[in-house]
Each structure stands twice: as structure tokens, then as C-alpha cells.
Amino acid sequence: MQKAIYTTVGIDELLPHVQALKGVGARFVQMHAERNVDDGTYRLVYTFINVRAAQEHIAQDGSYAIENLVIEGINQYQEIPSISSYYPAVFPFENEAHDLFGLAITDMQVDFKGFFYQVSTGEPMSVITPEVKAAREKAMKVRAAAEAKARKAAAEKAAAAAAAGEGAAGAAVAQPAAAAGSDAQHDDAAAKAALKAAEMEAKLAAMDPEKAAKVRAALAAKAARDKQKKEA
Amino acid sequence: MAHRSVIPFGPQHPVLPEPLHLDLVIEDDRVIEAIPQIGFVHRGLEKLTEKRDMHQFGYIAERICGICAVGHSCGYASACERMLGIEVPGRVQYIRTILHELSRIHSHLLWLGLLADAFGFEALFYRSWTLREQILKIFESTCGGRVILSINEIGGLKHDIEDSELAGIVQTLDAMRPDYEAVVHTFLDDNSCGERLHSVGVISKKDALDLSMVGPFGRASGVDYDVRMFGDGAYADLAAFEPIVATDGDCYARCQVRCAEVTQAMDIIKELVGKIPHDGIGGRTKLTPADGARGEVVIEQPRGEAYYYVRGNGTKNLDRFRVRTPTSQNLAGLTHALQGVLLANVPMIILTIDPCISCTER
């Protein structure tokens, strides 16, 4: 059975960790970059397998581990040292991280200086498309709505338990529970509205830009009319 | 000091079915340095996870490469299953392994044919590919496709392969053996083959380890590493498994390892067909990976260790899909193997790493 171990390291700690892995005879498996949609930072994952240790573990309990070093929260202007002096096989992946993600990796043994891949768009993997952003926001809203629903259910359960309790003491407990229920209902309504807005945003993102602009203008006009009616 | 010049090799070259470019720095007719260049047909498949959901992406993962299609679909499905915490039935693992081993046989036979073609032994090329055709017919009769099988899905298989069909596969392989042994005899014992392969493009075990070489390319230099020895999935039920290793580290050793691996794959298939459980073929499940959930898997593709990684973001699309194919890992070894060789041997050495540019240009 395969397991994965993830160890988060700082940029400064990368080379000592890699040196230690090389020292114990670990094989280099791969390196890749990831982009965080939420904050726009990058993550680098370096993967190794210590074959001898894996075989020993398999003999003991049937499992073995893939070891990963992870660097979180990287910005494009930060310099990341190349590990190619320890593992020369990393050069295609470091050049790839540079060409596709725009990451600045220094001291590569084989440096193609941005010409490893011939791409029509510079740093294509660093682009966060509106569809991805909208889908991500929608997922977050759905999660918020589910959490609000769970809170509401918990509040209702607590209220029911309190109502089933005895006399005035029970009634006293029910009051804050009802207040909590009201808060939860408010949360629920807000989450539903946010979800609806996110769905609309996703639809707009998928539309032709000109059409989307017209729909946005129409929605804004409708919101203004509704507001005027309310005030009147 | 002899005059140095740079010869561009590829991207279009008779020995290369796909575009790979090498700048060969030569002195007289000896290569001093080789600098590889890929990226001519990069497809950006990893970015497509933004537009295709996890099930749809299975079809794309399978199309990363035509030769390793089964391995890619198994690797992708396994990584997703690991991320989602899905345990597939034993029969699914067995059928995936059987198909994967069949694909190893067809990949190695394809390579043997190309090797024979590269040194001008056309009859041997025909015979190798005639044998390979029988594996493609097995694929066609059991899955409907000769290259893209589309049998895997996340959580199981799309359809079962009947026991009678599995027995038929074993019969076909048994019937192939005498012809295959004759082909291997020619590759390994014929002078005309041996003269082109012996002592060409030698890589020592130390260099192979330092360069993290994988697959038959590494094992031919004495690196006793094969992911199958970890016993994942159906491989755990094999009576014994030992990586096939040679020590010479030359083109002949690479040919020797691949020839032996075909026979090993036939034995594995026979053993697994005899033990296959009947516990269902799983099925498609609702895909809801948690935000930040990860799954990774390494498998032994015909060309060596391949790594698959998936990361969920709470939606039906993956946040990141990563595949590291064996050829990407062997590029450093390729440049090392070319240093100091005669220019005439360059095509042979490139061929013996079995480069798959489709995989590399995913």
C-alpha cells in the first residue's frame, strides 16, 4: 500500500532537505508547480522515493511511502534554488515550471532561458480564467450554504431538545435557541442570495463578452428600478 | 585540437516518429555534447482539467499517448480513487493489471520492430510487428479498440472481461511464445544485430542512479528498480516478482531487458488469469473531492516509472493534474549516453531509450 508524506519547507530549507534525501539514497521522482486560485501564489512539490527504505517497510507492514517536499506561498518574483546539482534529471521540470508558471528558478544546470516549451501564450499555467474563478467562488458559496444549513439544523435540534425539557427552565433555554435559529435563517438567506449571484456570475463568465456586458447593464438597471420602488 | 561543429538532429528524422531535437556538438565524428530540445508539440493537457470534469478528463488522460494509453488511464483512475478514498474491487485491479501487462508486451514488440528497422533488418521488423498485431487483436476483441481501450473509469471498469475471454488471452500468448522466442534468438544471438548493439551508448550503474534513470533504460545499467516490485494492486498477489536487470549498460543490454520483460509479462498475465476474483467491477461514483484533497500514484509503464498526481478543489474539476512520464525523466540519461559516441550510433542510442514524445508533450 502506497502512502504519501508531505513536508512543508521554506525556500531556504529546500537544498539542505534535498541534500539529506540524496545522502540516504532517495530517488528523485518528479517536481511540479501548482497555482493557488484563491491568493494567486504558487506551490512547488518535489517527490522522492527511498527504494531501500520502501522495501524494508513493505517487508514489515506491506506499505511504503512517497516523500514530498512542498514549498508554499511562492510569488513569481521570489528566487527558488535549482536542485539540479543534486538531481540532474530535474532540469526538464524546472524549465517547465519557469516556462509554464513563470517561476524564477536559479542556477539550473541546463537552462533553456524560457525556450524549453514553445507556447503561444506566455506562462499559460499562471492564467486564472474567469470560468475557474467563478466555479471556485460558486463552490465556496455552496460550502457556506451547506454549513449554514448544518448550523440551522443543529439550532433547531437544540431548540427541540430544550422545548422537550421541563417547565420554565426549559422555556428559558428555548429563547436563545430560537434566536440562534433566527440567525441561522438569516445566514441561510444570505448564503442563498450569494449562491444565486455566483451562479449568475458563472453564466456571465461563460457568455460572449459583448452579450455579458449587455446582461450586466440590464441587471444593474433592474436593481436600480427595484431600489427606487422600495424607497417610494 | 580537432574542429568542433554543431549538427542539428531532428525534430524530423527517420529514426524519430515524433519531434525531438538535439544539438550535437561533434569533434570529427564523435559527439562531445548533446543538448535536447522538446516542446514543439506541447498540448497543455494538464490545463484542460479546468474545462473537463474528472470523468471527462479520463478520456483525455488515456489519449496522452497511443502506446501507453492503458497505463495512463490506469494511473489517472488510481490517483483519483486514492484522492476520493475509493477502494476498487479485486477484479478491477486484476483486469487493469492484465491489460497493462498486455500493453507492455505490445509496446516492447513495437520497440523491437523499430530497433530492427533502425539497423536495417526488415524481416525482423515484420516478424516483431506481426507478433504485436496479435496483442492488438486481443485489445480489439475484449475492449473494442486497438489502442484506446476506454475500459477504465474512476471507481471501476466500464465493462467486464469474461473468464472465457481471459482464458483465450492466455491461449493466444502461449501460442505466440515459440515465434517470440525465435525473434528474441535473432535479436540477441545474431551477429548483425549484436555488432550494432554491443558496447554502444554505455551508461554505468552509478551514472544511471545519479541521473535517476527509470525503466528498461535504467535496469539495463544494473538499477534494480521496478515499481511493480512494491506490490501495489494485483501485483501483491504474484507468487514472486523480481525486476529484470542487466549489467552492461549498453544498447544490447537494453534490448536484452525488454526481450525478457515480454516473457515476464506473459507469465504475469497467465498467473493473474488463474487467480482472478469475482467480486464485481465497481462503477462510476459521485465525485466530490474535498478542497485540497490529493492523490498520487506511481506505476511502471513499459518505458519506466510514471507518476500521477491529482488535487481537488471542492468542484467537479481538478485543481491540478500532473503526470510525469518516463521519457521526461530519461532525458538527462539520454544526453549522458550520447557523450563520446560515434555520430553513426546516435540514432541507435536515441532509439534504445524508447523516447515517447507524446507522453513528454502532454
# chains A, B, ... in the order shown; residues from 1 in each chain; ligands from 1
>>> closest_atom_pairs(of="chain B", to="chain A", cutoff="6 Å", atoms="only C-alpha atoms", output="JSON lines")
{"residue": "B:Gly39", "atom": "CA", "partner": "A:Tyr117", "partner_atom": "CA", "distance": 4.1}
{"residue": "B:Leu211", "atom": "CA", "partner": "A:Ala89", "partner_atom": "CA", "distance": 5.5}
{"residue": "B:Gln329", "atom": "CA", "partner": "A:Ala89", "partner_atom": "CA", "distance": 5.9}
{"residue": "B:Ala332", "atom": "CA", "partner": "A:Ala89", "partner_atom": "CA", "distance": 5.2}
>>> residues_around(residues="B:Asp174", least_positions_apart="6", cutoff="12 Å", atoms="only C-alpha atoms", output="list of chain:residue names")
B:Gln134, B:Ala167, B:Gly168, B:Tyr180, B:Glu181, B:Thr263, B:Ala265, B:Met266, B:Asp267, B:Ile269, B:Lys270
>>> closest_residue(among="B:Thr325, B:Gln301, B:Ser164, B:Ser5", to="B:His106", atoms="only C-alpha atoms")
B:Gln301
>>> residues_around(residues="B:Glu62", least_positions_apart="3", cutoff="8 Å", atoms="only C-alpha atoms", output="PDB file with C-alpha atoms, in the first residue's frame")
ATOM      1  CA  GLY B  58     -10.230  10.227 -18.026  1.00  0.00           C
ATOM      2  CA  TYR B  59     -10.693  10.150 -21.814  1.00  0.00           C
ATOM      3  CA  CYS B  65      -0.025   8.710 -25.678  1.00  0.00           C
ATOM      4  CA  GLY B  66      -1.142   5.943 -28.006  1.00  0.00           C
ATOM      5  CA  ALA B  69      -2.770   4.625 -23.255  1.00  0.00           C
ATOM      6  CA  VAL B  70      -3.792   1.822 -20.880  1.00  0.00           C
ATOM      7  CA  GLY B  71      -1.159   2.817 -18.329  1.00  0.00           C
ATOM      8  CA  HIS B  72      -2.206   6.461 -18.422  1.00  0.00           C
ATOM      9  CA  SER B  73      -5.866   5.633 -17.881  1.00  0.00           C
ATOM     10  CA  ILE B 148      -7.569   3.445 -26.948  1.00  0.00           C
ATOM     11  CA  SER B 150     -11.657   3.236 -22.748  1.00  0.00           C
TER      12      SER B 150
END
>>> residues_around(residues="stretch 196-198 of chain B", least_positions_apart="5", cutoff="12 Å", atoms="only C-alpha atoms", output="list in words")
Leu115, Ala116, Ala118, Phe119, Gly120, Phe121, Phe187, Leu188, Asp189, Asp190, Asn191, Asp248, Gly249, Asp250, Cys251, Tyr252, Ala253, Arg254, Cys255, Gln256, Leu342, Ala344, Asn345, Val346, Pro347, Met348, Ile349, Leu351 and Thr352 of chain B
>>> residues_around(residues="A:Tyr42", least_positions_apart="3", cutoff="9 Å", atoms="only C-alpha atoms", output="number ranges by chain")
A: 33-36, 39, 71-76, 101, 103, 126
>>> write_last_selection(atoms="N, CA and C atoms", output="mmCIF file, in the first residue's frame")
data_model
loop_
_atom_site.group_PDB
_atom_site.id
_atom_site.type_symbol
_atom_site.label_atom_id
_atom_site.label_comp_id
_atom_site.auth_asym_id
_atom_site.auth_seq_id
_atom_site.Cartn_x
_atom_site.Cartn_y
_atom_site.Cartn_z
ATOM 1 N N ALA A 33 4.837 22.362 -10.290
ATOM 2 C CA ALA A 33 4.323 23.591 -9.679
ATOM 3 C C ALA A 33 2.799 23.557 -9.680
ATOM 4 N N GLU A 34 2.214 24.248 -8.729
ATOM 5 C CA GLU A 34 0.759 24.409 -8.673
ATOM 6 C C GLU A 34 0.469 25.868 -8.404
ATOM 7 N N ARG A 35 -0.708 26.311 -8.828
ATOM 8 C CA ARG A 35 -1.094 27.696 -8.589
ATOM 9 C C ARG A 35 -2.316 27.722 -7.665
ATOM 10 N N ASN A 36 -2.277 28.568 -6.655
ATOM 11 C CA ASN A 36 -3.427 28.713 -5.758
ATOM 12 C C ASN A 36 -4.394 29.720 -6.365
ATOM 13 N N ASP A 39 -5.348 32.874 -3.635
ATOM 14 C CA ASP A 39 -4.462 34.002 -3.333
ATOM 15 C C ASP A 39 -3.426 34.278 -4.427
ATOM 16 N N ILE A 71 6.925 23.527 -1.061
ATOM 17 C CA ILE A 71 7.164 24.943 -0.746
ATOM 18 C C ILE A 71 5.869 25.688 -1.057
ATOM 19 N N GLU A 72 5.316 26.320 -0.046
ATOM 20 C CA GLU A 72 4.025 27.010 -0.196
ATOM 21 C C GLU A 72 4.241 28.513 -0.364
ATOM 22 N N GLY A 73 3.212 29.170 -0.883
ATOM 23 C CA GLY A 73 3.143 30.626 -0.900
ATOM 24 C C GLY A 73 4.244 31.326 -1.670
ATOM 25 N N ILE A 74 4.608 30.774 -2.831
ATOM 26 C CA ILE A 74 5.690 31.387 -3.623
ATOM 27 C C ILE A 74 5.104 32.472 -4.524
ATOM 28 N N ASN A 75 5.796 33.587 -4.617
ATOM 29 C CA ASN A 75 5.428 34.622 -5.580
ATOM 30 C C ASN A 75 6.380 34.553 -6.761
ATOM 31 N N GLN A 76 5.931 35.105 -7.895
ATOM 32 C CA GLN A 76 6.743 34.960 -9.109
ATOM 33 C C GLN A 76 8.096 35.659 -9.001
ATOM 34 N N PHE A 101 4.752 28.407 -15.667
ATOM 35 C CA PHE A 101 4.227 29.096 -14.483
ATOM 36 C C PHE A 101 4.916 30.438 -14.230
ATOM 37 N N LEU A 103 7.885 30.847 -12.878
ATOM 38 C CA LEU A 103 8.640 30.860 -11.622
ATOM 39 C C LEU A 103 10.135 31.076 -11.903
ATOM 40 N N SER A 126 -0.180 30.043 -15.384
ATOM 41 C CA SER A 126 -0.376 31.049 -14.336
ATOM 42 C C SER A 126 -1.684 31.820 -14.553
#
>>> closest_residue(among="A:Lys196, A:Ala153, A:Asn50, A:Val24", to="A:Ala65", atoms="only C-alpha atoms")
A:Asn50
>>> select_by_dssp(residues="chain A", states="alpha helix (DSSP H)", output="PyMOL selection string")
chain A and resi 14-23+51-61+91-101+130-163+167-206+209-231
>>> select_by_dssp(residues="stretch 16-77 of chain A", states="strand (DSSP E)", output="PyMOL selection string")
chain A and resi 27-35+42-49+64-74
>>> write_last_selection(atoms="C-alpha atoms", output="PDB file, in the first residue's frame")
ATOM      1  CA  ARG A  27      15.464   8.522  -5.920  1.00  0.00           C
ATOM      2  CA  PHE A  28      14.171  11.716  -7.462  1.00  0.00           C
ATOM      3  CA  VAL A  29      10.707  11.099  -8.926  1.00  0.00           C
ATOM      4  CA  GLN A  30       9.428  14.456 -10.113  1.00  0.00           C
ATOM      5  CA  MET A  31       8.879  18.136  -9.391  1.00  0.00           C
ATOM      6  CA  HIS A  32       5.857  20.197 -10.314  1.00  0.00           C
ATOM      7  CA  ALA A  33       4.323  23.591  -9.679  1.00  0.00           C
ATOM      8  CA  GLU A  34       0.759  24.409  -8.673  1.00  0.00           C
ATOM      9  CA  ARG A  35      -1.094  27.696  -8.589  1.00  0.00           C
ATOM     10  CA  TYR A  42       2.352  29.126  -6.207  1.00  0.00           C
ATOM     11  CA  ARG A  43       3.304  25.838  -4.627  1.00  0.00           C
ATOM     12  CA  LEU A  44       6.213  23.590  -5.621  1.00  0.00           C
ATOM     13  CA  VAL A  45       6.120  19.859  -4.921  1.00  0.00           C
ATOM     14  CA  TYR A  46       9.300  17.736  -5.095  1.00  0.00           C
ATOM     15  CA  THR A  47       8.763  13.975  -4.948  1.00  0.00           C
ATOM     16  CA  PHE A  48      11.241  11.284  -3.905  1.00  0.00           C
ATOM     17  CA  ILE A  49      11.193   7.562  -3.170  1.00  0.00           C
ATOM     18  CA  TYR A  64       5.778   2.227   1.590  1.00  0.00           C
ATOM     19  CA  ALA A  65       5.979   5.990   1.348  1.00  0.00           C
ATOM     20  CA  ILE A  66       6.412   8.588  -1.374  1.00  0.00           C
ATOM     21  CA  GLU A  67       8.150  11.565   0.221  1.00  0.00           C
ATOM     22  CA  ASN A  68       7.204  15.055  -0.914  1.00  0.00           C
ATOM     23  CA  LEU A  69       8.828  18.368  -0.089  1.00  0.00           C
ATOM     24  CA  VAL A  70       6.381  21.240  -0.525  1.00  0.00           C
ATOM     25  CA  ILE A  71       7.164  24.943  -0.746  1.00  0.00           C
ATOM     26  CA  GLU A  72       4.025  27.010  -0.196  1.00  0.00           C
ATOM     27  CA  GLY A  73       3.143  30.626  -0.900  1.00  0.00           C
ATOM     28  CA  ILE A  74       5.690  31.387  -3.623  1.00  0.00           C
TER      29      ILE A  74
END
>>> atom_distance(atom1="atom CA of A:Leu14", atom2="atom CA of B:Asp226")
27.6 Å
>>> atom_distance(atom1="atom CA of B:Gly274", atom2="atom CA of B:Glu165")
12.5 Å
>>> residues_around(residues="B:Phe40", least_positions_apart="2", cutoff="9 Å", atoms="only C-alpha atoms", output="list in words")
Tyr117, Gln118 and Val119 of chain A; Pro11, Pro19, Leu20, His21, Gln37, Ile38, His42 and Glu361 of chain B
>>> write_last_selection(atoms="N, CA and C atoms", output="short mmCIF file (atom, residue, chain, number, x, y, z; two decimals), in the first residue's frame")
data_model
loop_
_atom_site.label_atom_id
_atom_site.label_comp_id
_atom_site.auth_asym_id
_atom_site.auth_seq_id
_atom_site.Cartn_x
_atom_site.Cartn_y
_atom_site.Cartn_z
N TYR A 117 9.67 25.18 -23.78
CA TYR A 117 8.41 24.93 -24.48
C TYR A 117 8.12 26.11 -25.40
N GLN A 118 7.61 25.78 -26.58
CA GLN A 118 7.22 26.86 -27.48
C GLN A 118 5.72 27.06 -27.33
N VAL A 119 5.35 28.03 -26.51
CA VAL A 119 3.93 28.24 -26.20
C VAL A 119 3.46 29.55 -26.82
N PRO B 11 14.08 18.20 -35.44
CA PRO B 11 12.95 17.40 -34.94
C PRO B 11 12.42 16.35 -35.94
N PRO B 19 8.56 14.58 -32.82
CA PRO B 19 9.59 15.63 -32.88
C PRO B 19 10.42 15.79 -31.60
N LEU B 20 11.68 15.48 -31.72
CA LEU B 20 12.67 15.70 -30.67
C LEU B 20 13.89 16.28 -31.37
N HIS B 21 14.43 17.33 -30.79
CA HIS B 21 15.58 17.97 -31.41
C HIS B 21 16.79 17.83 -30.50
N GLN B 37 16.07 19.27 -26.99
CA GLN B 37 15.04 20.32 -27.05
C GLN B 37 13.71 19.64 -27.37
N ILE B 38 12.74 19.83 -26.50
CA ILE B 38 11.39 19.33 -26.80
C ILE B 38 10.46 20.54 -26.84
N HIS B 42 3.78 20.76 -27.64
CA HIS B 42 3.22 20.71 -26.28
C HIS B 42 1.72 21.01 -26.35
N GLU B 361 5.19 15.58 -24.18
CA GLU B 361 4.50 16.80 -24.62
C GLU B 361 3.03 16.74 -24.24
#
>>> decode(residues="stretch 69-207 of chain A", atoms="C-alpha atoms", output="compact mmCIF listing (two decimals), in the first residue's frame")
# COMPACT_ATOMS: atom_id res chain seq x y z
CA LEU A 69 8.83 18.37 -0.09
CA VAL A 70 6.38 21.24 -0.52
CA ILE A 71 7.16 24.94 -0.75
CA GLU A 72 4.02 27.01 -0.20
CA GLY A 73 3.14 30.63 -0.90
CA ILE A 74 5.69 31.39 -3.62
CA ASN A 75 5.43 34.62 -5.58
CA GLN A 76 6.74 34.96 -9.11
CA TYR A 77 9.48 37.40 -8.03
CA GLN A 78 10.91 35.01 -5.43
CA GLU A 79 14.01 33.08 -6.47
CA ILE A 80 13.97 29.33 -5.93
CA PRO A 81 17.31 27.49 -5.99
CA SER A 82 17.64 24.69 -8.51
CA ILE A 83 18.19 21.18 -7.16
CA SER A 84 19.88 20.08 -10.41
CA SER A 85 23.29 19.95 -8.71
CA TYR A 86 21.93 17.03 -6.63
CA TYR A 87 19.50 15.53 -9.13
CA PRO A 88 20.36 16.46 -12.77
CA ALA A 89 17.17 14.75 -14.01
CA VAL A 90 15.16 17.68 -12.64
CA PHE A 91 16.13 20.01 -15.49
CA PRO A 92 13.04 19.43 -17.71
CA PHE A 93 10.72 20.08 -14.76
CA GLU A 94 12.49 23.22 -13.55
CA ASN A 95 12.46 24.65 -17.06
CA GLU A 96 8.80 23.68 -17.30
CA ALA A 97 7.98 25.50 -14.04
CA HIS A 98 9.72 28.55 -15.46
CA ASP A 99 8.09 28.46 -18.91
CA LEU A 100 4.56 27.46 -17.92
CA PHE A 101 4.23 29.10 -14.48
CA GLY A 102 6.74 31.94 -14.73
CA LEU A 103 8.64 30.86 -11.62
CA ALA A 104 12.19 32.13 -11.18
CA ILE A 105 14.44 29.11 -10.64
CA THR A 106 18.10 29.97 -10.31
CA ASP A 107 21.31 28.07 -11.11
CA MET A 108 19.74 25.41 -13.32
CA GLN A 109 22.40 23.13 -14.81
CA VAL A 110 20.60 23.12 -18.15
CA ASP A 111 18.78 26.44 -18.52
CA PHE A 112 16.73 26.99 -21.67
CA LYS A 113 16.03 30.58 -20.57
CA GLY A 114 12.33 30.42 -21.39
CA PHE A 115 12.62 28.46 -24.64
CA PHE A 116 12.04 24.94 -23.37
CA TYR A 117 8.41 24.93 -24.48
CA GLN A 118 7.22 26.86 -27.48
CA VAL A 119 3.93 28.24 -26.20
CA SER A 120 1.65 30.78 -27.86
CA THR A 121 0.71 32.36 -24.50
CA GLY A 122 3.40 33.27 -22.01
CA GLU A 123 3.22 31.39 -18.69
CA PRO A 124 -0.09 29.73 -19.60
CA MET A 125 -0.48 27.82 -16.32
CA SER A 126 -0.38 31.05 -14.34
CA VAL A 127 -3.55 32.35 -16.02
CA ILE A 128 -6.65 32.07 -13.85
CA THR A 129 -9.60 32.05 -16.25
CA PRO A 130 -12.93 33.68 -15.26
CA GLU A 131 -14.59 30.25 -15.51
CA VAL A 132 -12.18 28.78 -12.94
CA LYS A 133 -12.58 31.76 -10.65
CA ALA A 134 -16.38 31.62 -10.91
CA ALA A 135 -16.51 27.85 -10.35
CA ARG A 136 -14.25 28.22 -7.35
CA GLU A 137 -16.40 31.01 -5.87
CA LYS A 138 -19.55 29.00 -6.53
CA ALA A 139 -18.06 26.00 -4.72
CA MET A 140 -17.19 28.23 -1.76
CA LYS A 141 -20.73 29.64 -1.65
CA VAL A 142 -22.22 26.15 -1.85
CA ARG A 143 -19.97 25.11 1.01
CA ALA A 144 -21.02 28.20 3.03
CA ALA A 145 -24.70 27.40 2.34
CA ALA A 146 -24.20 23.79 3.46
CA GLU A 147 -22.52 24.95 6.64
CA ALA A 148 -25.33 27.45 7.33
CA LYS A 149 -27.87 24.68 6.77
CA ALA A 150 -26.00 22.43 9.18
CA ARG A 151 -25.90 25.23 11.77
CA LYS A 152 -29.63 25.79 11.34
CA ALA A 153 -30.37 22.09 11.76
CA ALA A 154 -28.22 21.99 14.89
CA ALA A 155 -30.01 25.05 16.30
CA GLU A 156 -33.43 23.51 15.58
CA LYS A 157 -32.35 20.30 17.22
CA ALA A 158 -31.17 22.21 20.30
CA ALA A 159 -34.46 24.15 20.38
CA ALA A 160 -36.50 20.95 20.15
CA ALA A 161 -34.44 19.41 22.94
CA ALA A 162 -34.97 22.49 25.08
CA ALA A 163 -38.74 22.52 24.39
CA ALA A 164 -38.96 18.92 25.48
CA GLY A 165 -37.32 19.93 28.76
CA GLU A 166 -39.14 20.81 31.92
CA GLY A 167 -41.22 23.97 32.76
CA ALA A 168 -39.88 27.49 32.88
CA ALA A 169 -36.24 26.43 32.88
CA GLY A 170 -36.87 24.68 29.59
CA ALA A 171 -38.64 27.74 28.18
CA ALA A 172 -35.74 29.97 29.24
CA VAL A 173 -33.29 27.78 27.37
CA ALA A 174 -35.54 27.79 24.28
CA GLN A 175 -35.30 31.58 23.86
CA PRO A 176 -31.60 31.80 22.96
CA ALA A 177 -32.00 28.69 20.88
CA ALA A 178 -34.76 30.38 18.88
CA ALA A 179 -32.53 33.42 18.48
CA ALA A 180 -29.82 31.17 17.17
CA GLY A 181 -32.35 29.67 14.77
CA SER A 182 -33.28 33.13 13.52
CA ASP A 183 -29.59 33.95 12.94
CA ALA A 184 -29.19 30.71 11.09
CA GLN A 185 -32.24 31.54 8.88
CA HIS A 186 -30.69 34.92 8.13
CA ASP A 187 -27.37 33.23 7.27
CA ASP A 188 -29.21 30.78 5.08
CA ALA A 189 -30.99 33.54 3.13
CA ALA A 190 -27.72 35.44 2.70
CA ALA A 191 -25.93 32.30 1.53
CA LYS A 192 -28.75 31.56 -0.98
CA ALA A 193 -28.54 35.10 -2.36
CA ALA A 194 -24.77 34.80 -2.63
CA LEU A 195 -25.11 31.44 -4.35
CA LYS A 196 -27.57 32.91 -6.87
CA ALA A 197 -25.17 35.78 -7.55
CA ALA A 198 -22.28 33.37 -8.01
CA GLU A 199 -24.31 31.23 -10.44
CA MET A 200 -25.19 34.33 -12.45
CA GLU A 201 -21.51 35.36 -12.45
CA ALA A 202 -20.55 31.90 -13.73
CA LYS A 203 -23.13 32.17 -16.54
CA LEU A 204 -21.86 35.60 -17.45
CA ALA A 205 -18.27 34.39 -17.48
CA ALA A 206 -19.18 31.69 -19.98
CA MET A 207 -21.04 34.19 -22.26
